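Chemist: Data file data36.cif (mmCIF, C-alpha atoms) is appended below.
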```cif
data_model
#
loop_
_atom_site.group_PDB
_atom_site.id
_atom_site.type_symbol
_atom_site.label_atom_id
_atom_site.label_comp_id
_atom_site.auth_asym_id
_atom_site.auth_seq_id
_atom_site.Cartn_x
_atom_site.Cartn_y
_atom_site.Cartn_z
ATOM 1 C CA MET A 1 -29.086 -0.849 -20.042
ATOM 2 C CA LYS A 2 -27.463 -0.372 -16.666
ATOM 3 C CA THR A 3 -29.398 -0.825 -13.456
ATOM 4 C CA GLU A 4 -29.556 1.918 -10.842
ATOM 5 C CA PHE A 5 -27.015 -0.002 -8.762
ATOM 6 C CA GLU A 6 -24.580 -0.107 -11.686
ATOM 7 C CA GLN A 7 -25.143 3.557 -12.474
ATOM 8 C CA ASN A 8 -24.425 4.519 -8.858
ATOM 9 C CA LEU A 9 -21.282 2.407 -8.823
ATOM 10 C CA GLN A 10 -20.084 3.978 -12.061
ATOM 11 C CA SER A 11 -20.827 7.458 -10.741
ATOM 12 C CA ASP A 12 -18.860 6.833 -7.531
ATOM 13 C CA LEU A 13 -15.964 5.248 -9.387
ATOM 14 C CA ARG A 14 -15.705 8.085 -11.900
ATOM 15 C CA HIS A 15 -15.849 10.579 -9.056
ATOM 16 C CA SER A 16 -12.916 8.770 -7.448
ATOM 17 C CA GLU A 17 -10.807 9.621 -10.511
ATOM 18 C CA GLN A 18 -10.846 13.243 -9.360
ATOM 19 C CA LEU A 19 -9.388 12.408 -5.989
ATOM 20 C CA ALA A 20 -5.737 12.360 -6.965
ATOM 21 C CA ASP A 21 -3.824 15.027 -5.048
ATOM 22 C CA LEU A 22 -1.406 17.501 -6.607
ATOM 23 C CA PRO A 23 1.769 15.410 -6.181
ATOM 24 C CA GLN A 24 0.010 12.458 -7.782
ATOM 25 C CA LEU A 25 -1.191 14.597 -10.696
ATOM 26 C CA GLN A 26 2.352 15.845 -11.221
ATOM 27 C CA GLN A 27 3.641 12.311 -11.078
ATOM 28 C CA LEU A 28 1.072 11.197 -13.647
ATOM 29 C CA ALA A 29 2.189 13.947 -16.017
ATOM 30 C CA ALA A 30 5.831 12.987 -15.491
ATOM 31 C CA ILE A 31 5.371 9.277 -16.212
ATOM 32 C CA ARG A 32 3.360 10.134 -19.295
ATOM 33 C CA GLN A 33 6.209 12.245 -20.643
ATOM 34 C CA GLN A 34 8.729 9.528 -19.791
ATOM 35 C CA ALA A 35 6.640 7.013 -21.739
ATOM 36 C CA LEU A 36 6.465 9.307 -24.772
ATOM 37 C CA GLU A 37 10.238 9.755 -24.692
ATOM 38 C CA ALA A 38 10.514 5.996 -25.165
ATOM 39 C CA MET A 39 8.509 6.135 -28.380
ATOM 40 C CA PRO A 40 10.354 4.522 -31.309
ATOM 41 C CA ALA A 41 11.976 7.092 -33.628
ATOM 42 C CA ASN A 42 10.271 6.024 -36.834
ATOM 43 C CA VAL A 43 6.755 4.878 -36.210
ATOM 44 C CA ALA A 44 5.751 2.913 -39.295
ATOM 45 C CA LEU A 45 2.412 3.560 -40.886
ATOM 46 C CA PRO A 46 -0.008 0.755 -40.109
ATOM 47 C CA ARG A 47 -0.778 -1.471 -43.091
ATOM 48 C CA HIS A 48 -4.413 -0.482 -43.257
ATOM 49 C CA ARG A 49 -3.388 3.178 -43.434
ATOM 50 C CA LEU A 50 -1.213 2.329 -46.427
ATOM 51 C CA ARG A 51 -4.221 0.657 -48.043
ATOM 52 C CA ARG A 52 -6.275 3.781 -47.475
ATOM 53 C CA LEU A 53 -3.617 5.817 -49.300
ATOM 54 C CA LEU A 54 -3.395 3.404 -52.239
ATOM 55 C CA TRP A 55 -6.452 4.481 -54.232
ATOM 56 C CA PRO A 56 -5.944 8.250 -53.884
ATOM 57 C CA THR A 57 -2.301 7.801 -54.893
ATOM 58 C CA ALA A 58 -3.235 5.689 -57.911
ATOM 59 C CA GLY A 59 -5.856 8.240 -58.889
ATOM 60 C CA MET A 60 -3.363 11.091 -58.706
ATOM 61 C CA ALA A 61 -0.872 9.144 -60.783
ATOM 62 C CA ALA A 62 -3.476 8.414 -63.455
ATOM 63 C CA ALA A 63 -4.568 12.044 -63.534
ATOM 64 C CA SER A 64 -0.941 13.177 -63.919
ATOM 65 C CA ILE A 65 -0.350 10.807 -66.832
ATOM 66 C CA LEU A 66 -3.523 11.975 -68.542
ATOM 67 C CA LEU A 67 -2.511 15.606 -68.130
ATOM 68 C CA LEU A 68 0.909 14.852 -69.564
ATOM 69 C CA VAL A 69 -0.558 13.157 -72.591
ATOM 70 C CA LEU A 70 -2.962 15.990 -73.261
ATOM 71 C CA ALA A 71 -0.249 18.611 -72.879
ATOM 72 C CA LEU A 72 2.104 17.001 -75.458
ATOM 73 C CA PRO A 73 2.434 19.101 -78.692
ATOM 74 C CA PHE A 74 0.967 17.545 -81.866
ATOM 75 C CA LYS A 75 0.635 18.511 -85.538
ATOM 76 C CA PRO A 76 -2.902 19.536 -86.352
ATOM 77 C CA MET A 77 -4.508 17.488 -89.115
ATOM 78 C CA LEU A 78 -5.658 19.189 -92.309
ATOM 79 C CA SER A 79 -9.153 20.493 -91.788
ATOM 80 C CA ASN A 80 -11.990 19.926 -94.166
ATOM 81 C CA GLU A 81 -11.976 23.611 -94.894
ATOM 82 C CA SER A 82 -8.363 23.582 -95.996
ATOM 83 C CA LEU A 83 -9.027 20.465 -98.060
ATOM 84 C CA SER A 84 -11.867 22.119 -99.833
ATOM 85 C CA ASP A 85 -9.706 25.177 -100.466
ATOM 86 C CA ASN A 86 -7.144 22.956 -102.134
ATOM 87 C CA ARG A 87 -9.868 21.349 -104.251
ATOM 88 C CA GLU A 88 -11.103 24.737 -105.377
ATOM 89 C CA LEU A 89 -7.567 25.726 -106.232
ATOM 90 C CA ASP A 90 -7.186 22.544 -108.230
ATOM 91 C CA ASP A 91 -10.398 23.304 -110.086
ATOM 92 C CA ASP A 92 -9.261 26.857 -110.718
ATOM 93 C CA LEU A 93 -5.979 25.607 -112.005
ATOM 94 C CA GLU A 94 -7.725 23.435 -114.536
ATOM 95 C CA PHE A 95 -9.748 26.433 -115.653
ATOM 96 C CA TYR A 96 -6.689 28.586 -115.980
ATOM 97 C CA TYR A 97 -4.907 25.903 -117.965
ATOM 98 C CA TRP A 98 -7.958 25.625 -120.233
ATOM 99 C CA LEU A 99 -8.091 29.420 -120.541
ATOM 100 C CA ALA A 100 -4.435 29.578 -121.400
ATOM 101 C CA ASP A 101 -4.884 26.919 -124.073
ATOM 102 C CA ASN A 102 -7.876 28.749 -125.593
ATOM 103 C CA GLU A 103 -6.057 32.019 -125.664
ATOM 104 C CA ALA A 104 -3.176 30.345 -127.316
ATOM 105 C CA ASP A 105 -5.532 28.904 -129.931
ATOM 106 C CA LEU A 106 -7.215 32.235 -130.480
ATOM 107 C CA ARG A 107 -3.914 33.951 -131.006
ATOM 108 C CA GLY A 108 -2.708 31.117 -132.956
ATOM 109 C CA MET B 1 9.546 10.439 -54.401
ATOM 110 C CA ASP B 2 13.098 11.219 -53.275
ATOM 111 C CA THR B 3 14.675 10.180 -49.965
ATOM 112 C CA SER B 4 14.473 13.629 -48.330
ATOM 113 C CA THR B 5 10.748 13.895 -49.046
ATOM 114 C CA LEU B 6 10.171 10.413 -47.672
ATOM 115 C CA LYS B 7 12.137 11.238 -44.487
ATOM 116 C CA SER B 8 10.186 14.485 -44.028
ATOM 117 C CA GLY B 9 6.958 12.549 -44.398
ATOM 118 C CA LEU B 10 8.045 10.039 -41.758
ATOM 119 C CA ILE B 11 9.060 12.809 -39.348
ATOM 120 C CA VAL B 12 5.666 14.481 -39.731
ATOM 121 C CA GLU B 13 3.951 11.132 -39.250
ATOM 122 C CA SER B 14 6.040 10.437 -36.125
ATOM 123 C CA ARG B 15 5.157 13.829 -34.609
ATOM 124 C CA THR B 16 1.495 13.255 -35.347
ATOM 125 C CA SER B 17 1.656 9.847 -33.679
ATOM 126 C CA ARG B 18 3.373 11.360 -30.631
ATOM 127 C CA LEU B 19 0.688 14.017 -30.308
ATOM 128 C CA ALA B 20 -2.052 11.427 -30.679
ATOM 129 C CA LEU B 21 -0.403 9.172 -28.089
ATOM 130 C CA ASP B 22 0.044 12.078 -25.695
ATOM 131 C CA GLY B 23 -3.609 12.973 -26.014
ATOM 132 C CA PHE B 24 -4.696 9.391 -25.478
ATOM 133 C CA LEU B 25 -2.492 8.825 -22.428
ATOM 134 C CA ALA B 26 -3.657 12.105 -20.890
ATOM 135 C CA SER B 27 -7.276 11.015 -21.387
ATOM 136 C CA VAL B 28 -6.846 7.661 -19.609
ATOM 137 C CA GLN B 29 -4.208 8.348 -16.954
ATOM 138 C CA GLY B 30 -6.584 9.540 -14.221
ATOM 139 C CA ARG B 31 -9.013 6.663 -14.594
ATOM 140 C CA ALA B 32 -6.283 4.067 -15.045
ATOM 141 C CA PHE B 33 -4.526 5.278 -11.897
ATOM 142 C CA ALA B 34 -7.760 5.089 -9.913
ATOM 143 C CA MET B 35 -8.462 1.598 -11.300
ATOM 144 C CA ALA B 36 -4.985 0.358 -10.421
ATOM 145 C CA ARG B 37 -5.200 1.901 -6.954
ATOM 146 C CA ALA B 38 -8.575 0.245 -6.339
ATOM 147 C CA ALA B 39 -7.286 -3.131 -7.518
ATOM 148 C CA ILE B 40 -3.921 -3.004 -5.743
ATOM 149 C CA GLY B 41 -4.784 -0.969 -2.667
ATOM 150 C CA ASN B 42 -1.611 1.073 -2.777
ATOM 151 C CA ALA B 43 -1.064 4.370 -4.600
ATOM 152 C CA ASP B 44 2.701 3.955 -5.086
ATOM 153 C CA ASP B 45 2.374 0.492 -6.583
ATOM 154 C CA ALA B 46 -0.490 1.751 -8.728
ATOM 155 C CA MET B 47 1.725 4.526 -10.090
ATOM 156 C CA ASP B 48 4.477 2.016 -10.918
ATOM 157 C CA VAL B 49 2.004 -0.272 -12.682
ATOM 158 C CA LEU B 50 0.611 2.645 -14.649
ATOM 159 C CA GLN B 51 4.089 3.768 -15.691
ATOM 160 C CA ASP B 52 4.982 0.274 -16.902
ATOM 161 C CA SER B 53 1.702 0.052 -18.803
ATOM 162 C CA MET B 54 2.239 3.372 -20.579
ATOM 163 C CA LEU B 55 5.797 2.402 -21.490
ATOM 164 C CA GLN B 56 4.716 -0.911 -22.972
ATOM 165 C CA LEU B 57 1.921 0.658 -24.995
ATOM 166 C CA VAL B 58 4.248 3.299 -26.436
ATOM 167 C CA LYS B 59 7.101 0.919 -27.184
ATOM 168 C CA SER B 60 5.058 -1.920 -28.643
ATOM 169 C CA TYR B 61 1.861 -0.455 -30.062
ATOM 170 C CA ALA B 62 2.513 3.147 -31.080
ATOM 171 C CA ASP B 63 1.973 2.198 -34.722
ATOM 172 C CA ARG B 64 -1.481 0.752 -34.111
ATOM 173 C CA ASP B 65 -4.676 2.563 -34.946
ATOM 174 C CA VAL B 66 -5.908 5.030 -32.323
ATOM 175 C CA ASP B 67 -9.122 3.025 -31.924
ATOM 176 C CA GLU B 68 -7.120 0.021 -30.769
ATOM 177 C CA TRP B 69 -5.119 1.825 -28.123
ATOM 178 C CA ARG B 70 -7.837 1.877 -25.481
ATOM 179 C CA LYS B 71 -8.432 -1.883 -25.470
ATOM 180 C CA LEU B 72 -4.712 -2.607 -25.729
ATOM 181 C CA PHE B 73 -3.907 -0.266 -22.865
ATOM 182 C CA TYR B 74 -6.434 -1.779 -20.488
ATOM 183 C CA ARG B 75 -5.275 -5.286 -21.365
ATOM 184 C CA ILE B 76 -1.707 -4.255 -20.576
ATOM 185 C CA LEU B 77 -2.842 -2.589 -17.342
ATOM 186 C CA ASN B 78 -4.704 -5.698 -16.198
ATOM 187 C CA ASN B 79 -1.691 -7.870 -16.999
ATOM 188 C CA LYS B 80 0.624 -5.585 -15.030
ATOM 189 C CA ILE B 81 -1.744 -5.650 -12.041
ATOM 190 C CA ASN B 82 -1.847 -9.449 -12.186
ATOM 191 C CA ASP B 83 1.947 -9.562 -12.414
ATOM 192 C CA LEU B 84 2.157 -7.459 -9.265
ATOM 193 C CA PHE B 85 -0.180 -9.805 -7.400
ATOM 194 C CA ARG B 86 1.944 -12.799 -8.446
ATOM 195 C CA ARG B 87 5.094 -11.068 -7.219
ATOM 196 C CA ARG B 88 3.444 -10.245 -3.906
ATOM 197 C CA GLN B 89 2.347 -13.850 -3.537
ATOM 198 C CA LEU B 90 5.876 -15.064 -4.219
ATOM 199 C CA GLN B 91 7.299 -12.555 -1.757
ATOM 200 C CA ARG B 92 4.857 -13.700 0.909
ATOM 201 C CA ARG B 93 5.784 -17.326 0.344
ATOM 202 C CA PHE B 94 9.501 -16.620 0.456
ATOM 203 C CA GLY B 95 9.017 -14.371 3.436
ATOM 204 C CA ALA B 96 7.186 -17.109 5.289
ATOM 205 C CA LEU B 97 9.954 -19.583 4.413
ATOM 206 C CA LEU B 98 12.710 -17.243 5.509
ATOM 207 C CA GLY B 99 10.846 -16.206 8.613
ATOM 208 C CA SER B 100 10.838 -12.493 7.760
ATOM 209 C CA GLY B 101 7.324 -11.593 6.764
ATOM 210 C CA SER B 102 6.348 -8.885 4.367
ATOM 211 C CA GLN B 103 4.836 -5.732 5.715
ATOM 212 C CA SER B 104 2.658 -6.695 8.649
ATOM 213 C CA ALA B 105 -0.872 -5.525 9.121
ATOM 214 C CA ASP B 106 0.318 -3.045 11.789
ATOM 215 C CA GLU B 107 2.931 -1.656 9.421
ATOM 216 C CA GLN B 108 0.335 -1.328 6.695
ATOM 217 C CA ASP B 109 -1.913 0.614 9.065
ATOM 218 C CA ALA B 110 0.983 2.844 10.006
ATOM 219 C CA ALA B 111 1.628 3.602 6.344
ATOM 220 C CA GLY B 112 -1.720 5.295 6.351
ATOM 221 C CA ASP B 113 -4.736 5.248 4.120
ATOM 222 C CA PRO B 114 -4.002 6.953 0.800
ATOM 223 C CA PHE B 115 -7.461 8.437 0.984
ATOM 224 C CA ASP B 116 -6.296 10.468 3.982
ATOM 225 C CA ARG B 117 -4.658 12.665 1.394
ATOM 226 C CA ILE B 118 -7.957 13.445 -0.284
ATOM 227 C CA PRO B 119 -8.024 17.195 -0.791
ATOM 228 C CA ALA B 120 -10.883 19.141 0.681
ATOM 229 C CA ALA B 121 -13.743 19.649 -1.719
ATOM 230 C CA GLU B 122 -16.334 22.342 -1.964
ATOM 231 C CA GLY B 123 -19.841 21.805 -0.686
ATOM 232 C CA ASP B 124 -21.248 20.141 2.373
ATOM 233 C CA PRO B 125 -18.336 18.454 4.159
ATOM 234 C CA ALA B 126 -20.616 15.801 5.617
ATOM 235 C CA VAL B 127 -21.886 14.778 2.191
ATOM 236 C CA HIS B 128 -18.379 14.866 0.840
ATOM 237 C CA LEU B 129 -17.094 12.711 3.683
ATOM 238 C CA GLN B 130 -19.895 10.200 3.255
ATOM 239 C CA ARG B 131 -19.210 9.848 -0.439
ATOM 240 C CA GLU B 132 -15.475 9.434 0.138
ATOM 241 C CA ARG B 133 -16.096 6.668 2.663
ATOM 242 C CA THR B 134 -18.408 4.970 0.174
ATOM 243 C CA ILE B 135 -15.699 5.170 -2.467
ATOM 244 C CA VAL B 136 -13.052 3.842 -0.093
ATOM 245 C CA GLY B 137 -15.273 0.888 0.726
ATOM 246 C CA LEU B 138 -16.050 0.326 -2.946
ATOM 247 C CA HIS B 139 -12.360 0.357 -3.897
ATOM 248 C CA GLN B 140 -11.566 -2.120 -1.153
ATOM 249 C CA GLN B 141 -14.307 -4.462 -2.319
ATOM 250 C CA ILE B 142 -13.113 -4.227 -5.919
ATOM 251 C CA GLY B 143 -9.616 -5.147 -4.788
ATOM 252 C CA ARG B 144 -10.967 -8.262 -3.089
ATOM 253 C CA LEU B 145 -12.829 -9.553 -6.139
ATOM 254 C CA PRO B 146 -11.408 -12.612 -7.913
ATOM 255 C CA ARG B 147 -9.160 -11.605 -10.790
ATOM 256 C CA ARG B 148 -11.485 -12.207 -13.727
ATOM 257 C CA GLN B 149 -14.492 -10.730 -11.935
ATOM 258 C CA ARG B 150 -12.463 -7.635 -11.100
ATOM 259 C CA GLU B 151 -11.296 -7.244 -14.713
ATOM 260 C CA ALA B 152 -14.808 -7.700 -16.100
ATOM 261 C CA PHE B 153 -16.277 -5.269 -13.584
ATOM 262 C CA ILE B 154 -13.666 -2.568 -14.133
ATOM 263 C CA LEU B 155 -13.988 -2.736 -17.913
ATOM 264 C CA ARG B 156 -17.796 -3.041 -18.100
ATOM 265 C CA CYS B 157 -18.921 -0.792 -15.289
ATOM 266 C CA TRP B 158 -16.073 1.634 -14.684
ATOM 267 C CA GLU B 159 -14.726 2.133 -18.215
ATOM 268 C CA GLY B 160 -18.088 1.516 -19.868
ATOM 269 C CA PHE B 161 -16.978 -1.054 -22.443
ATOM 270 C CA SER B 162 -19.615 -3.136 -24.144
ATOM 271 C CA THR B 163 -19.674 -6.891 -23.559
ATOM 272 C CA SER B 164 -17.960 -7.369 -26.914
ATOM 273 C CA GLU B 165 -15.199 -4.851 -26.200
ATOM 274 C CA THR B 166 -14.666 -6.335 -22.755
ATOM 275 C CA ALA B 167 -14.368 -9.815 -24.251
ATOM 276 C CA GLN B 168 -11.772 -8.602 -26.758
ATOM 277 C CA THR B 169 -9.763 -6.907 -24.026
ATOM 278 C CA MET B 170 -9.925 -9.859 -21.651
ATOM 279 C CA GLY B 171 -9.312 -12.385 -24.407
ATOM 280 C CA CYS B 172 -12.378 -14.463 -23.581
ATOM 281 C CA SER B 173 -15.894 -15.084 -24.848
ATOM 282 C CA GLU B 174 -18.806 -12.705 -24.330
ATOM 283 C CA GLY B 175 -20.532 -15.396 -22.319
ATOM 284 C CA SER B 176 -17.584 -15.513 -19.915
ATOM 285 C CA VAL B 177 -17.681 -11.735 -19.579
ATOM 286 C CA LYS B 178 -21.364 -11.818 -18.676
ATOM 287 C CA THR B 179 -20.749 -14.518 -16.085
ATOM 288 C CA HIS B 180 -17.784 -12.779 -14.471
ATOM 289 C CA TYR B 181 -19.534 -9.413 -14.488
ATOM 290 C CA SER B 182 -22.754 -10.761 -13.044
ATOM 291 C CA ARG B 183 -20.891 -12.504 -10.226
ATOM 292 C CA ALA B 184 -18.873 -9.359 -9.508
ATOM 293 C CA LEU B 185 -22.045 -7.283 -9.226
ATOM 294 C CA ASN B 186 -23.661 -9.789 -6.887
ATOM 295 C CA THR B 187 -20.573 -9.888 -4.670
ATOM 296 C CA LEU B 188 -20.379 -6.117 -4.518
ATOM 297 C CA ARG B 189 -24.071 -5.797 -3.819
ATOM 298 C CA VAL B 190 -23.828 -8.186 -0.891
ATOM 299 C CA ASN B 191 -20.588 -6.809 0.561
ATOM 300 C CA LEU B 192 -21.438 -3.140 0.099
ATOM 301 C CA GLY B 193 -24.814 -3.827 1.619
ATOM 302 C CA ARG B 194 -23.083 -5.354 4.638
ATOM 303 C CA LEU B 195 -20.876 -2.278 4.882
ATOM 304 C CA GLY B 196 -23.952 -0.132 4.932
ATOM 305 C CA GLU B 197 -25.431 -2.202 7.745
ATOM 306 C CA GLU B 198 -22.204 -1.960 9.742
ATOM 307 C CA ASN B 199 -22.214 1.819 9.399
ATOM 308 C CA PRO B 200 -25.859 2.780 9.672
ATOM 309 C CA ASP B 201 -25.011 6.402 10.597
ATOM 310 C CA GLU B 202 -23.658 6.989 7.130
ATOM 311 C CA ASN B 203 -26.872 5.993 5.357
#
```
Kindly transcribe the structure held in the file into structure tokens.

Modeler:
Amino acid sequence: MKTEFEQNLQSDLRHSEQLADLPQLQQLAAIRQQALEAMPANVALPRHRLRRLLWPTAGMAAASILLLVLALPFKPMLSNESLSDNRELDDDLEFYYWLADNEADLRG
Amino acid sequence: MDTSTLKSGLIVESRTSRLALDGFLASVQGRAFAMARAAIGNADDAMDVLQDSMLQLVKSYADRDVDEWRKLFYRILNNKINDLFRRRQLQRRFGALLGSGSQSADEQDAAGDPFDRIPAAEGDPAVHLQRERTIVGLHQQIGRLPRRQREAFILRCWEGFSTSETAQTMGCSEGSVKTHYSRALNTLRVNLGRLGEENPDEN
């Protein structure tokens, strides 16, 4: 915690920042623009920013792969219902064969 | 990701960095100029030091995180101020050797006090004048502090850095910061108190 003396000093010093006259303010703006003009053309991303991007990127890639897999066309497997239909047909076929044989015998 | 997309991304990133840098420099320029002027005692030299500091930050550290810029900038500023003092010292030594001194005290007085250009402010002129004189005296005392005390004082008291942040910026231990800062405060308290005694009408 600052003492009263320190607080007063800080207050006076921060007030002194407002004391620049107009030519000085214009000069400050000019040197700031000159400095920005000297900025390197391609500012590389800092390494820790790359690390921050890694997990979201990996997550997006995984989600894309999953979507691709799910969207691929596939042949539907025979359902139980269709299997049972085939079984009934088989049973009916046996009956019809038996019926045909009996009819043949009866005619015979 | 193709090359054109990558280039577009880099251009966007570069523009964002430029905007962020512009915002940062605009936020510190006024205080940094006042700090340099207090330390150096000359507005023109302070402007040169500030320009060099901004250039170095932009050229060397534009790719750093925004949170690092403040400490880096003040470290650069302090180094540039110290460089200026070393050059002045060398010039004085060479001037003494060659017999042609640097700007004499009379010439310095003739150049005028930069605070003479202080624009008029609203409010009671007497109060305003008293505060300006206090600030002038304070700046002069800051400029006379030993280097490390001045750096610790400017960063701790003026900028408001913590002891830890000040230590990182100065490249020293927190214990050293506390020592330098404490000594700076004591010196200022004594000298500013003397100034007050010499000018009782202003109190």

Chemist: Where does the PyMOL selection byres ((chain B) within 9 of (chain A)) land in this file, that is, which residues does it pick, as a VMD selection string?

Modeler: chain B and resid 10 to 11 13 to 14 17 to 18 21 to 22 25 to 26 29 to 35 43 47 50 to 52 54 to 60 62 to 65 115 117 to 119 131 to 132 134 to 136 138 to 139 157 to 160 185 189

Chemist: Could you list, as a list in words, every residue within 12 Å of Leu145 (chain B), counting all atoms listed in the file and ignoring same-chain residues fewer than 6 positions away?

Modeler: Ala38, Ala39, Ile40, Leu138, His139, Glu151, Ala152, Phe153, Ile154, His180, Tyr181, Arg183, Ala184, Leu185, Asn186, Thr187, Leu188 and Asn191 of chain B

Chemist: Kindly give the distance, in Å, that separates CA of Ser176 (chain B) and CA of Arg75 (chain B), rounded to a single decimal.

Modeler: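 Rounded to one decimal, the two atoms are 16.1 Å apart.
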
Chemist: Between CA of Val49 (chain B) and CA of Gln89 (chain B), what is the spacing in Å?

Modeler: 16.4 Å

Chemist: Could you tell me how far CA of Asn78 (chain B) sits from CA of Thr169 (chain B), in Å to one decimal place?

Modeler: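 Pair CA of Thr169 (chain B) / CA of Asn78 (chain B) returns 9.4 Å.
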
Chemist: With distances taken over only C-alpha atoms, which residue among B:Ser173, B:Thr16, B:Thr163, B:Asn82 lies nearest Ala36 (chain B)?

Modeler: B:Asn82

Chemist: Calculated over all atoms listed in the file, which of the candidates B:Met170, B:Ala20, B:Leu155, B:Ile81 has the smallest distance to Trp69 (chain B)?

Modeler: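 The answer is B:Ala20, which sits nearest to Trp69 (chain B).
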